[in-house]
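Worksheet for the structure shown next.
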Amino acid sequence: MKDLMQLAWRGLKQKRKLTLLMVLNLAIGITLLLTMGTIVTRSGHSPIDQRADRVYHVSLNFMDPEFDRRSEFRSPPLTFRDAGALAEAFSANDATRLSFNYTTSFVLDLPDNSVRPVTAEASAADPQYFDLLQVPFIYGAPWREDMQDAAVIVLDKKANDLLFGGANSIGKQVVINNRQLEVVGVMDMSAYLRRFQNMRFQARANDMAVVPLGYAHANNLPRTGFMPCRTKEEAARTRYRREDVQGLKSAECGYLHAWAVLDSVQHDNSHAELTLWMRNYTQQQASQGRFGHSEPYYLTQLASLNDRMSDNLYWEQIYLKFAYLLFAICLINTIGILLAKNQSRAKLVSLYRALGANKLYILKVQLLELSMLSGAAIALGLLLAQFGLVAMFHLALYQADYLADAEQVRRMYSMDTLFALQAAVGIFVAIFAAGLYPIIKASRTAPAAQLRG
Amino acid sequence: MLRMKNISKIYRTELVETHALSDVNFMVEEGEFIAVTGPSGSGKTTFLNITGLLENFEQGTYELDGEDVSTLDDKQLSRLRNEKIGFIFQGFNLIGDLNLYDNIEVPLIFRGLSAKARKQRIEESLELVGLGGRASHFPAQLSGGQQQRVAIARALAGKPRFLLADEPTGNLDTLMARQVMELLEEINRQGTTLLMVTHDHELAQRAHRNIQILDGQLRDINKNELVELIS
Ligand SMILES: Nc1ncnc2c1ncn2[C@@H]1O[C@H](COP(=O)(O)OP(=O)(O)OP(=O)(O)O)[C@@H](O)[C@H]1O
Ligand SMILES: [Mg+2]
C-alpha cells in the first residue's frame, strides 16, 4: 500500500500543472455547489423540523364559492366565530393542542422615552403559541392561561437588546399606543429563520414581540396579516383591520391562524378526529348559508409546507441548478484533463508495464492517484466554500437593516456538517465515476506501445 | 532457456500490413551472448520486444524456460517480465521527473521488495555501472553515456537471468560505446544471458553468436560474414 501511495504521488507530480489545474477546476465546482447547497438547505430549516409532521395548519374555507386559494400558503385564516367553535370543540382534548394567532405590528417604547422607539413585527397569540414554537426563553416565561386579557408582553431577544440593552427586563414596563404592558418573558427567536406562524414563511423578520390575544382584541391592535373577506364585507375591510374589532368579530373575514399540534402516539386518531370535526362543522354551518366552496376545509401539514417552501426558493433554486451545471462542466473538464494527462503519460504507463507492472496494478495506482486528487479538491472546495459563506454572510449582514440579528443571519450562511459530509461523498463518487473511463483506458496501454526508439 | 518456432508478427494499420517478422525460428542457451544486426526497419526491435514479452505475436510458439508464453495471462507475463527479464531500451526511457535512485527503484517496487532490500540493490547496481555517488541526480543532469548506464543499472537491479539490450550503444561515441560494451560483457561473464541489438558490426563481433534480421527474416551468420559487412 505504501508503495502504491508512493507511485500515485509520483504520478501526481508528473505534469504538475495539469494536476494543479484539475484540483482547482474541481475545487471551484465544489465550492459553488457547497455554497449554494448550504444556503438552500439552510433556508428550509427550522428548529421544530423534527415535529413538523404532526403540526397542522387548520383552515375552514368560509369564502365565496369563487374563491381561488392559489396555493397552500393562502389557506384562509379562521373567522373569529369559527376559531371560537374550534377552540371550544377541542378544549378538553389533550391529544390535540391548538394555538391561535394573528399578525400585528406596533411601536414599542419605554415609559420614560429613554431609548429610541422600535417598530415591531409582532403576533397576538395565546400562551399555547410558545408551546407550538417551542421557543427558548432567556428570562421569564409565557403568561398564564388566565392572563389572556392582561397587559403583558413577551419580547424577543432582539427587542430586549434594543430596549433594555439585553438586561433582564422581567417586570419592567413597555409602552404600546400610550398604554403600558409588563414584560413577563424574553424569548430567543433567532433560530427561527422563517415566520411560518402566519403562513408567510418570510425569512429574517420573525416576531419581535408577542402579546395576549385578548389584550390585542381589546386594545384594537391592528390586524396586518393575510385577511381574506367575503365579497359582502369588502367595503368594511380596512375599518376591520384598523379599528373595528367588534365588527370584525362577527364579520366574514378570516384573520386568526390556527395551528394544531397532534400527539405523536395518537397522531392518526387525532388527525381523523380533527378532520371529522371540520367536516361536520362545515356541513352543519351550510344550513346557515355558509361554506358553499367546493373545498370547505384544509388541514395542511407543516412538513409539506416546508417542502413546498424549499421548492419556492426561486432564485436560490436557480443558483443551485447553475451550481450543479457548473459542477457538471467541471467534471467534464476533469475528464478532459485526465485524458490529456494520460496521453502524455502513456509513455510512463507503458514503461511501467514493460518493467513488470500488470494491468491491475496500474489501475490501482491510478485509482489511488484519483482519490488523492479528489480528496485534495474536496478539501480545498470545502475550505473555499467556508470562505465563500463567510463572505456572503458579511454581505448579507451589510444589506440587512440595522435590526438584523447577526447570529440569525450567520446561521443561514454556515455549513451543516451532515450536509457537507453527504456532499463530499457524493462529489467523490461523481469524480470517481467521471475519472474511471480515462483510467481504464490508460491501464490498457500495451507495454511496448510508446517505447520504440 | 528460450525456444521460438515459426513466430510471425504483422502490424496492421488502416492502409498497410507490415510483416515485421515472418517465420522466425530461434533458440538461446543459458549464458549465451548473442548479437542481432540488420538494417533499420528490418524488425530487430520487434523481435526483441517479442522476446522480452512486451509484444504478442500472431503465429508460432514461444517457450521461455519450458513454459509456453501464449498460455500465460497478463499477471503472469508481467511477473516474468519483472523477474526474469531485464530490458535496455533503444531510447533510454528514463523517467525525467525522478532521480536515478527512484528510476531504478520502479521495477523493484513492482516486484514487492522491501524498502531496505530495494535500497541495497539500487546502490549495488549504481556502483556496478560506475555512478555510485549520483543517486540523487536527475537524468537530465547526466551525459548520454551516463544515462545509458543508468538504464543498464535499472535493468540489472532486478538481477534478471536474461538481459535484452536494444542498441545500448546507439547514441554513444566510440569510447563510451566501448565502456558500455565492456560492462555488458562483464555481466554476461557472470552468467546473465545477453541478447543485444546493434548496428555496430565491430561490437557484434565480440558476441558468441551472431544473427541477422533482414525484412523480418532471421538467420544465423558467422564472423566472416560480419567482417565482409564491415568492409
Ligand atoms: N506499432 C507499429 N505499427 C505499425 N508498424 C510498425 C509498428 N512498429 C513497428 N512497425 C514497423 O515494423 C517494422 C519493423 O520495425 P522495428 O522497429 O522492429 O525495426 P528495427 O529493425 O528495430 O529498426 P531500427 O534499426 O530503426 O530501430 C518497420 O517497418 C516499422 O515501420
Ligand atoms: Mg529498433
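We name chains A, B, ... following the order of the C-alpha cells; residues begin at 1 in each chain, and ligands are numbered from 1 as shown.
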(message) Can you pull out the residues contacting Thr275 of chain A? Cut-off 12 Å, using only C-alpha atoms, and skip same-chain residues under 3 positions away; I want them as a list in words.
(response) Tyr56, His57, Val58, Ser59, Leu60, Leu86, Thr96, Ala260, Asp268, Asn269, Ser270, His271, Ala272, Met278, Arg279, Asn280, Tyr281, Thr282, Pro296, Tyr297, Tyr298, Leu299 and Thr300 of chain A
Could you write out that same residue set with C-alpha atoms as a tab-separated table (two decimals), in the first residue's frame?
```
chain	number	residue	atom	x	y	z
A	56	TYR	CA	-51.04	21.23	11.12
A	57	HIS	CA	-52.47	24.48	9.88
A	58	VAL	CA	-56.22	24.36	10.38
A	59	SER	CA	-58.29	26.27	7.86
A	60	LEU	CA	-62.06	26.47	7.35
A	86	LEU	CA	-62.85	25.06	17.04
A	96	THR	CA	-54.80	17.89	20.02
A	260	ALA	CA	-52.81	22.06	15.84
A	268	ASP	CA	-53.62	9.16	13.19
A	269	ASN	CA	-56.53	9.12	15.56
A	270	SER	CA	-56.29	12.82	16.33
A	271	HIS	CA	-55.92	13.64	12.68
A	272	ALA	CA	-59.12	11.71	11.90
A	278	MET	CA	-64.17	20.10	10.32
A	279	ARG	CA	-66.45	18.13	8.01
A	280	ASN	CA	-69.35	18.06	10.45
A	281	TYR	CA	-68.93	21.70	11.38
A	282	THR	CA	-68.86	22.95	7.80
A	296	PRO	CA	-64.82	23.57	2.75
A	297	TYR	CA	-61.71	22.97	4.88
A	298	TYR	CA	-57.96	22.44	4.65
A	299	LEU	CA	-55.68	20.63	7.06
A	300	THR	CA	-52.09	21.18	5.98
```
Using only C-alpha atoms and all ligand atoms, find each protein or nucleic acid residue lying at most 7 Å from ligand 2; present the set as a PDB file with all heavy atoms, in the first residue's frame.
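So part02.pdb came out as:
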```pdb
ATOM      1  N   ARG A 452       9.373   2.565 -28.368  1.00  0.00           N
ATOM      2  CA  ARG A 452      10.259   2.370 -29.513  1.00  0.00           C
ATOM      3  C   ARG A 452      11.121   3.590 -29.765  1.00  0.00           C
ATOM      4  O   ARG A 452      10.621   4.708 -29.796  1.00  0.00           O
ATOM      5  CB  ARG A 452       9.398   2.143 -30.757  1.00  0.00           C
ATOM      6  CG  ARG A 452       9.701   0.885 -31.490  1.00  0.00           C
ATOM      7  CD  ARG A 452       8.614   0.667 -32.510  1.00  0.00           C
ATOM      8  NE  ARG A 452       7.873  -0.528 -32.169  1.00  0.00           N
ATOM      9  CZ  ARG A 452       8.187  -1.716 -32.634  1.00  0.00           C
ATOM     10  NH1 ARG A 452       9.184  -1.865 -33.453  1.00  0.00           N
ATOM     11  NH2 ARG A 452       7.487  -2.761 -32.291  1.00  0.00           N
ATOM     12  N   GLY A 453      12.360   3.395 -29.896  1.00  0.00           N
ATOM     13  CA  GLY A 453      13.352   4.366 -30.350  1.00  0.00           C
ATOM     14  C   GLY A 453      13.304   5.794 -29.971  1.00  0.00           C
ATOM     15  O   GLY A 453      12.491   6.506 -29.730  1.00  0.00           O
TER      16      GLY A 453
ATOM     17  N   SER B  40      17.964  -0.806 -40.657  1.00  0.00           N
ATOM     18  CA  SER B  40      16.871  -0.125 -39.961  1.00  0.00           C
ATOM     19  C   SER B  40      15.523  -0.557 -40.523  1.00  0.00           C
ATOM     20  O   SER B  40      15.369  -0.701 -41.731  1.00  0.00           O
ATOM     21  CB  SER B  40      17.060   1.384 -40.121  1.00  0.00           C
ATOM     22  OG  SER B  40      16.099   2.056 -39.365  1.00  0.00           O
ATOM     23  N   GLY B  41      14.582  -0.779 -39.644  1.00  0.00           N
ATOM     24  CA  GLY B  41      13.244  -1.161 -40.067  1.00  0.00           C
ATOM     25  C   GLY B  41      13.102  -2.618 -40.418  1.00  0.00           C
ATOM     26  O   GLY B  41      12.063  -3.055 -40.909  1.00  0.00           O
ATOM     27  N   LYS B  44      14.208  -5.637 -35.890  1.00  0.00           N
ATOM     28  CA  LYS B  44      15.020  -6.003 -34.731  1.00  0.00           C
ATOM     29  C   LYS B  44      14.320  -5.686 -33.407  1.00  0.00           C
ATOM     30  O   LYS B  44      14.236  -6.542 -32.519  1.00  0.00           O
ATOM     31  CB  LYS B  44      16.360  -5.250 -34.767  1.00  0.00           C
ATOM     32  CG  LYS B  44      17.190  -5.516 -36.010  1.00  0.00           C
ATOM     33  CD  LYS B  44      18.526  -4.837 -35.943  1.00  0.00           C
ATOM     34  CE  LYS B  44      18.441  -3.315 -35.893  1.00  0.00           C
ATOM     35  NZ  LYS B  44      17.870  -2.696 -37.111  1.00  0.00           N
ATOM     36  N   THR B  45      13.810  -4.486 -33.327  1.00  0.00           N
ATOM     37  CA  THR B  45      13.145  -4.105 -32.076  1.00  0.00           C
ATOM     38  C   THR B  45      11.914  -4.979 -31.839  1.00  0.00           C
ATOM     39  O   THR B  45      11.643  -5.418 -30.724  1.00  0.00           O
ATOM     40  CB  THR B  45      12.763  -2.620 -32.112  1.00  0.00           C
ATOM     41  OG1 THR B  45      13.964  -1.847 -32.217  1.00  0.00           O
ATOM     42  CG2 THR B  45      12.023  -2.205 -30.867  1.00  0.00           C
ATOM     43  N   GLN B  90      15.866   1.111 -26.619  1.00  0.00           N
ATOM     44  CA  GLN B  90      16.604   1.825 -27.656  1.00  0.00           C
ATOM     45  C   GLN B  90      16.806   3.298 -27.282  1.00  0.00           C
ATOM     46  O   GLN B  90      17.902   3.812 -27.358  1.00  0.00           O
ATOM     47  CB  GLN B  90      15.870   1.691 -28.994  1.00  0.00           C
ATOM     48  CG  GLN B  90      16.702   2.109 -30.180  1.00  0.00           C
ATOM     49  CD  GLN B  90      16.113   1.610 -31.491  1.00  0.00           C
ATOM     50  OE1 GLN B  90      15.083   0.937 -31.516  1.00  0.00           O
ATOM     51  NE2 GLN B  90      16.772   1.926 -32.590  1.00  0.00           N
ATOM     52  N   ASP B 166      18.525  -3.165 -26.561  1.00  0.00           N
ATOM     53  CA  ASP B 166      18.209  -2.679 -27.905  1.00  0.00           C
ATOM     54  C   ASP B 166      19.118  -1.491 -28.207  1.00  0.00           C
ATOM     55  O   ASP B 166      18.890  -0.387 -27.734  1.00  0.00           O
ATOM     56  CB  ASP B 166      16.739  -2.265 -27.974  1.00  0.00           C
ATOM     57  CG  ASP B 166      16.260  -2.135 -29.409  1.00  0.00           C
ATOM     58  OD1 ASP B 166      17.109  -2.187 -30.318  1.00  0.00           O
ATOM     59  OD2 ASP B 166      15.034  -1.993 -29.603  1.00  0.00           O
TER      60      ASP B 166
END
```
- Query: When the cut-off is 10 Å and we count only C-alpha atoms, which residues of chain B are near chain A, given as a PyMOL selection string?
  - Reply: chain B and resi 45-46+49-50+52-56+73-87+89-98+102+106-115+154-155+158+166-167
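Between atom CA of Phe393 of chain A and atom CA of Met36 of chain A the separation is 12.7 Å.
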Practice task
Report the residues of segment 34-205 of chain A whose backbone DSSP state falls under strand (DSSP E or B), written as JSON, numbers by chain.
Solution key: {"A": [55, 56, 57, 58, 59, 60, 78, 96, 97, 98, 99, 100, 101, 102, 103, 104, 105, 106, 107, 108, 109, 118, 119, 120, 121, 122, 123, 124, 125, 137, 138, 139, 140, 152, 153, 154, 155, 156, 173, 174, 175, 176, 179, 180, 181, 182, 183, 184, 185, 186, 187, 194, 195, 202, 203]}
Across B:Ile104, B:Ile221, B:Leu163, B:Met196, the smallest distance to ligand 1, with only C-alpha atoms and all ligand atoms counted, is shown by B:Met196
**Message:** as a VMD selection string, please: the residues near Ile213 of chain B (cut-off 6 Å, only C-alpha atoms, same-chain neighbours under 4 positions excluded).
**Reply:** chain B and resid 38 217 to 218
With distances taken over only C-alpha atoms and all ligand atoms, which of B:His199, B:Lys119, B:Arg134, B:Lys5 is nearest to ligand 1?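 Of B:His199, B:Lys119, B:Arg134, B:Lys5, the one nearest ligand 1 is B:His199, counting only C-alpha atoms and all ligand atoms.
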